[in-house]
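Novice: Handing you a structure now.
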Amino acid sequence: MTSPTDLCYLSATDAVALFRRRELSPSELMEAVIARAEEVEPTINAFTDTFFGEALTAADAAADAYAKGTNRPLEGLPLAVKDEPHIEGQRITEGSLLFADQVASHTDPIAQRVIDAGAIVHARTATPEFSMAAVTWSHLHGVTRNPWNPDLTCGGSSGGSGASLAAGSSTLATGSDIAGSIRIPSSLNGLVGFKPPWGRVPEYWPWNRETYAASGPLARTVNDSALFENAISGPLDTDMFSLEPYQLPEPVPSGRGMRVAVSTDLGYFDVGREAAEALAHATAALAEAGIESEPVELDWTDEALSTAVTHLNFLSRSMLMSVLPDGAWDQLTPYIRDWFEDSPDVTVEQWWESWKYGDHMYLELRNKVFGAGFDALVCPTLTRNDIPADLGRGDDADPAALRDMLTFCMTYPFNILGRLPVMSVPIGLADSTGVPIGMQIVGPVEADLVPYQVAASLEAQQGPFFNTHRPTLAQPL
C-alpha cells in the first residue's frame with residue numbers, strides 16, 4: 001500500500017496514469033499533499049496563500065472528469081503557482097508589503113493555461129520582493145527555507161515553488177526566470193527546472209518584451225516537466241513575440257548518440273569542488289547512457305555579468321520604480337532599496353552597447369559547441385550551495401551580500417542568450433550541506449527537445465532523484 005508520504009512524491013505522469021485507471025482518485029492525492037503541507041510549512045514557509053477547501057472540491061470534480069473521459073492533460077494535479085503571475089480574484093503580493101492586500105483583476109497566460117489544462121491551484125508560493133533575489137525572504141512573508149537543510153536557502157526567485165516540490169507539498173509548480181529564477185531553486189532543491197526560449201510561454205506586457213525573461217515549469221522528473229511544458233507553451237494571439245507551437249514527445253525519448261560539450265566554469269566562474277566533482281560524475285553517467293562528452297574552453301569573461309546587470313538596471317529596475325507608490329521607501333527590503341540606490345542609471349546607448357558582448361557569447365557557443373558537432377553544452381547551475389536562508393536579512397546585514405549574489409549563479413549568461421532552452425537537473429547531494437547540486441543542459445536556439453533528451457538519458461541511467469533521495473525536514477536552528 002502506498003504511504004501518504006509516497007503519494008506526496010508521486011510523479012505527475014504516474015498520478016495521471018493512476019487517475020485514468022481509477023486506481024487513485026484526485027481527492028486522495030490532494031488530501032495527502034494538503035496534509036503534507038500542514039506538516040512541513042512551519043519549517044519551510046513555502047506558501048503565501050492556500051486554497052485547500054476549494055482544492056478538495058475541485059479534486060472531486062476532476063474525479064468526475066476521469067470517470068466521464070473528459071479529463072484534460074493536467075486534470076486533478078495539485079499545482080502551486082508562484083506569487084508573481086496574476087490569477088483573477090486571488091491576492092498577488094509580489095512579496096512586497098506595498099502590495100500586501102492587492103487582488104488581481106485578470107489572469108496571466110501561464111496561470112490561465114494550467115487552469116485550462118485541469119490543474120488545481122491549491123497554493124501560491126513565496127518569492128523575494130519583486131522576484132529580484134537569488135534567495136527567498138521578504139518583510140511580508142518571512143524566510144522560506146530549504147527542505148534539505150533549513151538553515152540554507154531554497155534559492156530564488158521561484159524559491160517557494162522549489163521548496164514545496166522538494167518537501168512534497170505540491171506535485172507541480174510554476175516559476176519564472178530573468179537571471180536564473182527557475183534554475184537556481186531547481187538546483188538547490190533537487191528538481192528538474194526548465195527555462196524555455198524567450199517567447200515559448202507567452203506573456204502580457206511588459207514581460208513579453210523582456211528578452212531575458214521566461215516563465216516555465218518546475219517538476220521532480222523529466223517527463224513531468226514535459227507534460228507541464230506542453231500545457232503552457234505555444235502562441236497567444238495577444239503576444240506577437242510568442243513562438244509557434246512546439247510539442248515535446250511524451251515520454252521524452254533517449255538522447256543516446258548525442259554529444260555534449262562540457263564547461264566547468266564557462267570561462268570565468270570560480271566553481272567549488274563539490275559542484276565540479278558532481279559534474280564529472282554526471283558526464284560519466286551520460287557516457288554510460290550513450291552520450292559522449294568532451295571539455296571545451298569558452299573565452300567568456302565577467303563582462304557577461306556587467307552585460308546582464310546593465311540590462312536589468314535599464315529595464316527591470318526602471319519598470320519596478322515606475323509602479324512604486326509614494327512613501328514606499330521604508331517598506332522595501334534592503335536588497336531592493338540597495339538596488340535602487342546604488343545601481344547607476346543606464347542610458348539607451350549604454351544598454352544598446354551591452355548587447356555586443358551577448359553577440360560575442362553566442363558566436364563562441366556557435367563556433368565551439370553547436371557548430372562543432374555538439375548537440376548541447378553542460379555546466380554547473382551554481383558554483384556553491386551553502387548560502388544562508390536569510391542572507392542579507394537583519395539590521396546589521398551587509399547589503400553587498402545580496403548585491404553580489406549573481407557571482408555564484410551560472411544561470412544569467414543564458415538569459416542574455418534568451419532564445420536558448422536551458423534545463424537544470426539534479427546530479428548529486430553536497431556532503432558539506434546535504435543540499436542538492438544541479439547541472440545545466442543548454443540546447444541550440446529554440447531546440448527545446450535537446451536538453452530534455454539529455455536529461456531523460458541521465459535520469460534513466462541514475463533513476464529519478466526523489467526515488468532515492470528525500471529531505472528529512474529537520475527543524476531550523
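Ordering of the C-alpha cells sets the chain letters (A, B, ...); residue numbers start at 1 within each chain; ligands are numbered from 1 in the order shown.
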When you look at region 304-315 of chain A with a cut-off of 8 Å (counting only C-alpha atoms), what residues show up, excluding the ones that are within fewer than 5 positions of it in the same chain? I need them as a short mmCIF file (atom, residue, chain, number, x, y, z; two decimals) with C-alpha atoms, in the first residue's frame.

Specialist:
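Produced file around.cif, reproduced below:
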data_model
loop_
_atom_site.label_atom_id
_atom_site.label_comp_id
_atom_site.auth_asym_id
_atom_site.auth_seq_id
_atom_site.Cartn_x
_atom_site.Cartn_y
_atom_site.Cartn_z
CA GLU A 210 11.70 41.43 -21.79
CA SER A 343 22.70 50.94 -9.21
CA PRO A 344 23.70 53.55 -11.77
CA ASP A 345 21.23 54.93 -14.24
CA VAL A 346 21.75 53.37 -17.66
CA THR A 347 21.38 55.30 -20.89
CA VAL A 348 19.88 53.83 -24.02
CA GLN A 350 24.92 52.02 -22.76
CA TRP A 351 22.16 49.41 -22.88
CA SER A 354 25.95 45.98 -23.85
CA TRP A 355 24.29 43.72 -26.41
CA TYR A 357 29.03 41.17 -25.68
CA GLY A 358 25.96 38.95 -25.86
CA LEU A 406 24.96 36.64 -9.19
CA TYR A 412 22.30 34.52 -16.14
CA PRO A 413 24.54 34.01 -19.23
CA ILE A 416 21.49 37.08 -22.06
#

Novice: Residues of region 214-250 of chain A classed as helix (DSSP H, G or I) by DSSP on the backbone are to be reported as a ChimeraX atom specification.

Specialist: /A:222-232

Novice: May I have the selected residues written with C-alpha atoms, as a tab-separated table (two decimals), in the first residue's frame?

Specialist:
chain	number	residue	atom	x	y	z
A	222	VAL	CA	11.86	14.97	-16.75
A	223	ASN	CA	8.57	13.55	-18.06
A	224	ASP	CA	6.63	15.62	-15.53
A	225	SER	CA	8.39	18.71	-16.86
A	226	ALA	CA	7.47	17.78	-20.45
A	227	LEU	CA	3.83	17.19	-19.50
A	228	PHE	CA	3.73	20.59	-17.81
A	229	GLU	CA	5.64	22.46	-20.52
A	230	ASN	CA	3.31	21.14	-23.23
A	231	ALA	CA	0.34	22.53	-21.33
A	232	ILE	CA	1.71	26.07	-21.10

Novice: CA of Arg209 (chain A) and CA of Leu79 (chain A), how far apart in Å?

Specialist: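 A separation of 26.8 Å between them.
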
Novice: Name the residues in contact with Thr70 (chain A) at a cut-off of 12 Å, using only C-alpha atoms, excluding same-chain residues fewer than 4 positions from it; report them as a list in words.

Specialist: Arg20, Ala61, Ala62, Ala63, Asp64, Ala65, Tyr66, Leu74, Glu75, Gly76, Ala117 and Gly118 of chain A

Novice: Got time to write the residues from that selection, C-alpha atoms, as an mmCIF file, in the first residue's frame?

Specialist:
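File produced: result-v3.cif:
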data_model
loop_
_atom_site.group_PDB
_atom_site.id
_atom_site.type_symbol
_atom_site.label_atom_id
_atom_site.label_comp_id
_atom_site.auth_asym_id
_atom_site.auth_seq_id
_atom_site.Cartn_x
_atom_site.Cartn_y
_atom_site.Cartn_z
ATOM 1 C CA ARG A 20 -7.125 7.175 -15.654
ATOM 2 C CA ALA A 61 -14.848 17.415 -9.966
ATOM 3 C CA ALA A 62 -11.618 16.091 -11.510
ATOM 4 C CA ALA A 63 -12.590 12.556 -10.491
ATOM 5 C CA ASP A 64 -15.860 13.025 -12.373
ATOM 6 C CA ALA A 65 -13.926 14.171 -15.447
ATOM 7 C CA TYR A 66 -11.861 10.970 -15.425
ATOM 8 C CA LEU A 74 -3.168 18.147 -16.005
ATOM 9 C CA GLU A 75 -6.568 17.146 -14.642
ATOM 10 C CA GLY A 76 -6.637 16.877 -10.865
ATOM 11 C CA ALA A 117 -5.398 22.147 -18.550
ATOM 12 C CA GLY A 118 -7.202 20.943 -15.405
#

Novice: Per residue of region 329-352 of chain A within 10 Å of region 86-108 of chain A, what are the shortest atom pair and its distance in Å to one decimal, counting only C-alpha atoms, with rows by chain and residue number, as a Markdown table?

Specialist:
| residue | atom | partner | partner_atom | distance |
| --- | --- | --- | --- | --- |
| A:Trp329 | CA | A:Leu98 | CA | 9.7 |
| A:Gln331 | CA | A:Leu97 | CA | 6.3 |
| A:Leu332 | CA | A:Ser96 | CA | 7.2 |
| A:Thr333 | CA | A:Ser96 | CA | 8.1 |

Novice: Write out the residues from the selection above, keeping all heavy atoms, as a compact mmCIF listing (two decimals), in the first residue's frame.

Specialist:
# COMPACT_ATOMS: atom_id res chain seq x y z
N TRP A 329 9.52 53.87 0.34
CA TRP A 329 10.92 53.53 0.57
C TRP A 329 11.15 52.70 1.83
O TRP A 329 11.84 51.69 1.82
CB TRP A 329 11.75 54.81 0.62
CG TRP A 329 13.15 54.59 0.13
CD1 TRP A 329 14.29 54.63 0.86
CD2 TRP A 329 13.55 54.29 -1.21
NE1 TRP A 329 15.38 54.38 0.06
CE2 TRP A 329 14.95 54.16 -1.22
CE3 TRP A 329 12.85 54.11 -2.40
CZ2 TRP A 329 15.67 53.88 -2.36
CZ3 TRP A 329 13.57 53.82 -3.55
CH2 TRP A 329 14.95 53.70 -3.51
N GLN A 331 9.32 50.72 3.41
CA GLN A 331 8.70 49.41 3.43
C GLN A 331 9.43 48.39 2.55
O GLN A 331 9.11 47.21 2.59
CB GLN A 331 7.23 49.51 2.98
CG GLN A 331 6.38 50.37 3.89
CD GLN A 331 4.93 50.37 3.46
OE1 GLN A 331 4.23 49.36 3.56
NE2 GLN A 331 4.47 51.51 2.95
N LEU A 332 10.39 48.86 1.78
CA LEU A 332 11.10 47.96 0.86
C LEU A 332 12.14 47.14 1.62
O LEU A 332 12.71 47.57 2.62
CB LEU A 332 11.80 48.77 -0.23
CG LEU A 332 10.90 49.53 -1.20
CD1 LEU A 332 11.74 50.42 -2.10
CD2 LEU A 332 10.04 48.57 -2.02
N THR A 333 12.44 45.95 1.10
CA THR A 333 13.51 45.13 1.66
C THR A 333 14.86 45.79 1.37
O THR A 333 15.00 46.55 0.41
CB THR A 333 13.50 43.73 1.03
OG1 THR A 333 13.44 43.87 -0.40
CG2 THR A 333 12.32 42.91 1.51

Novice: Run DSSP on the backbone and tell me which residues of region 112-289 of chain A come out as strand (DSSP E or B); list them as a ChimeraX atom specification.

Specialist: /A:120-125,137-138,142-143,145-146,149-153,172-177,192-195,214-219,236,239,259-262

Novice: Would you give me, as JSON lines, each residue of region 113-208 of chain A having an atom within 9 Å of an atom of region 439-460 of chain A, along with its shortest atom pair and that distance in Å to one decimal, using only C-alpha atoms and sorting by chain and residue number?

Specialist:
{"residue": "A:Arg183", "atom": "CA", "partner": "A:Gln440", "partner_atom": "CA", "distance": 8.0}
{"residue": "A:Ser187", "atom": "CA", "partner": "A:Met439", "partner_atom": "CA", "distance": 7.3}
{"residue": "A:Val192", "atom": "CA", "partner": "A:Ala455", "partner_atom": "CA", "distance": 8.7}
{"residue": "A:Phe194", "atom": "CA", "partner": "A:Tyr452", "partner_atom": "CA", "distance": 8.9}
{"residue": "A:Pro196", "atom": "CA", "partner": "A:Asp448", "partner_atom": "CA", "distance": 7.1}
{"residue": "A:Pro197", "atom": "CA", "partner": "A:Glu446", "partner_atom": "CA", "distance": 5.8}
{"residue": "A:Trp198", "atom": "CA", "partner": "A:Glu446", "partner_atom": "CA", "distance": 8.6}
{"residue": "A:Arg200", "atom": "CA", "partner": "A:Glu446", "partner_atom": "CA", "distance": 8.3}

Novice: Quick one: residues within 9 Å of His122 (chain A), only C-alpha atoms, excluding same-chain residues fewer than 5 positions away - as a PyMOL selection string?

Specialist: chain A and resi 30+34+49-56+78-81+170

Novice: Any chance you can output those residues with C-alpha atoms as a PDB file, in the first residue's frame?

Specialist:
ATOM      1  CA  MET A  30      -4.926  16.239  -2.870  1.00  0.00           C
ATOM      2  CA  ILE A  34      -2.520  19.117   1.893  1.00  0.00           C
ATOM      3  CA  ASP A  49      -1.767  31.728   0.379  1.00  0.00           C
ATOM      4  CA  THR A  50      -3.577  28.384   0.356  1.00  0.00           C
ATOM      5  CA  PHE A  51      -6.911  27.302  -1.096  1.00  0.00           C
ATOM      6  CA  PHE A  52      -7.253  23.866   0.420  1.00  0.00           C
ATOM      7  CA  GLY A  53     -11.047  23.778   0.717  1.00  0.00           C
ATOM      8  CA  GLU A  54     -11.549  24.879  -2.871  1.00  0.00           C
ATOM      9  CA  ALA A  55      -8.868  22.424  -3.993  1.00  0.00           C
ATOM     10  CA  LEU A  56     -10.648  19.454  -2.406  1.00  0.00           C
ATOM     11  CA  PRO A  78      -2.039  19.756  -7.213  1.00  0.00           C
ATOM     12  CA  LEU A  79      -0.121  22.666  -8.705  1.00  0.00           C
ATOM     13  CA  ALA A  80       1.374  25.608  -6.824  1.00  0.00           C
ATOM     14  CA  VAL A  81       1.625  28.965  -8.601  1.00  0.00           C
ATOM     15  CA  SER A 170       2.880  20.185  -4.396  1.00  0.00           C
TER      16      SER A 170
END

Novice: Just give me the gap between CA of Leu243 (chain A) and CA of Asp177 (chain A) in Å, one decimal is fine.

Specialist: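 Separation between CA of Leu243 (chain A) and CA of Asp177 (chain A): 17.3 Å.
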
Novice: Kindly indicate which residue among A:Pro109, A:Gly155, A:Gly327, A:Pro334 lies nearest to Gly392 (chain A), using only C-alpha atoms for the distances.

Specialist: A:Pro334
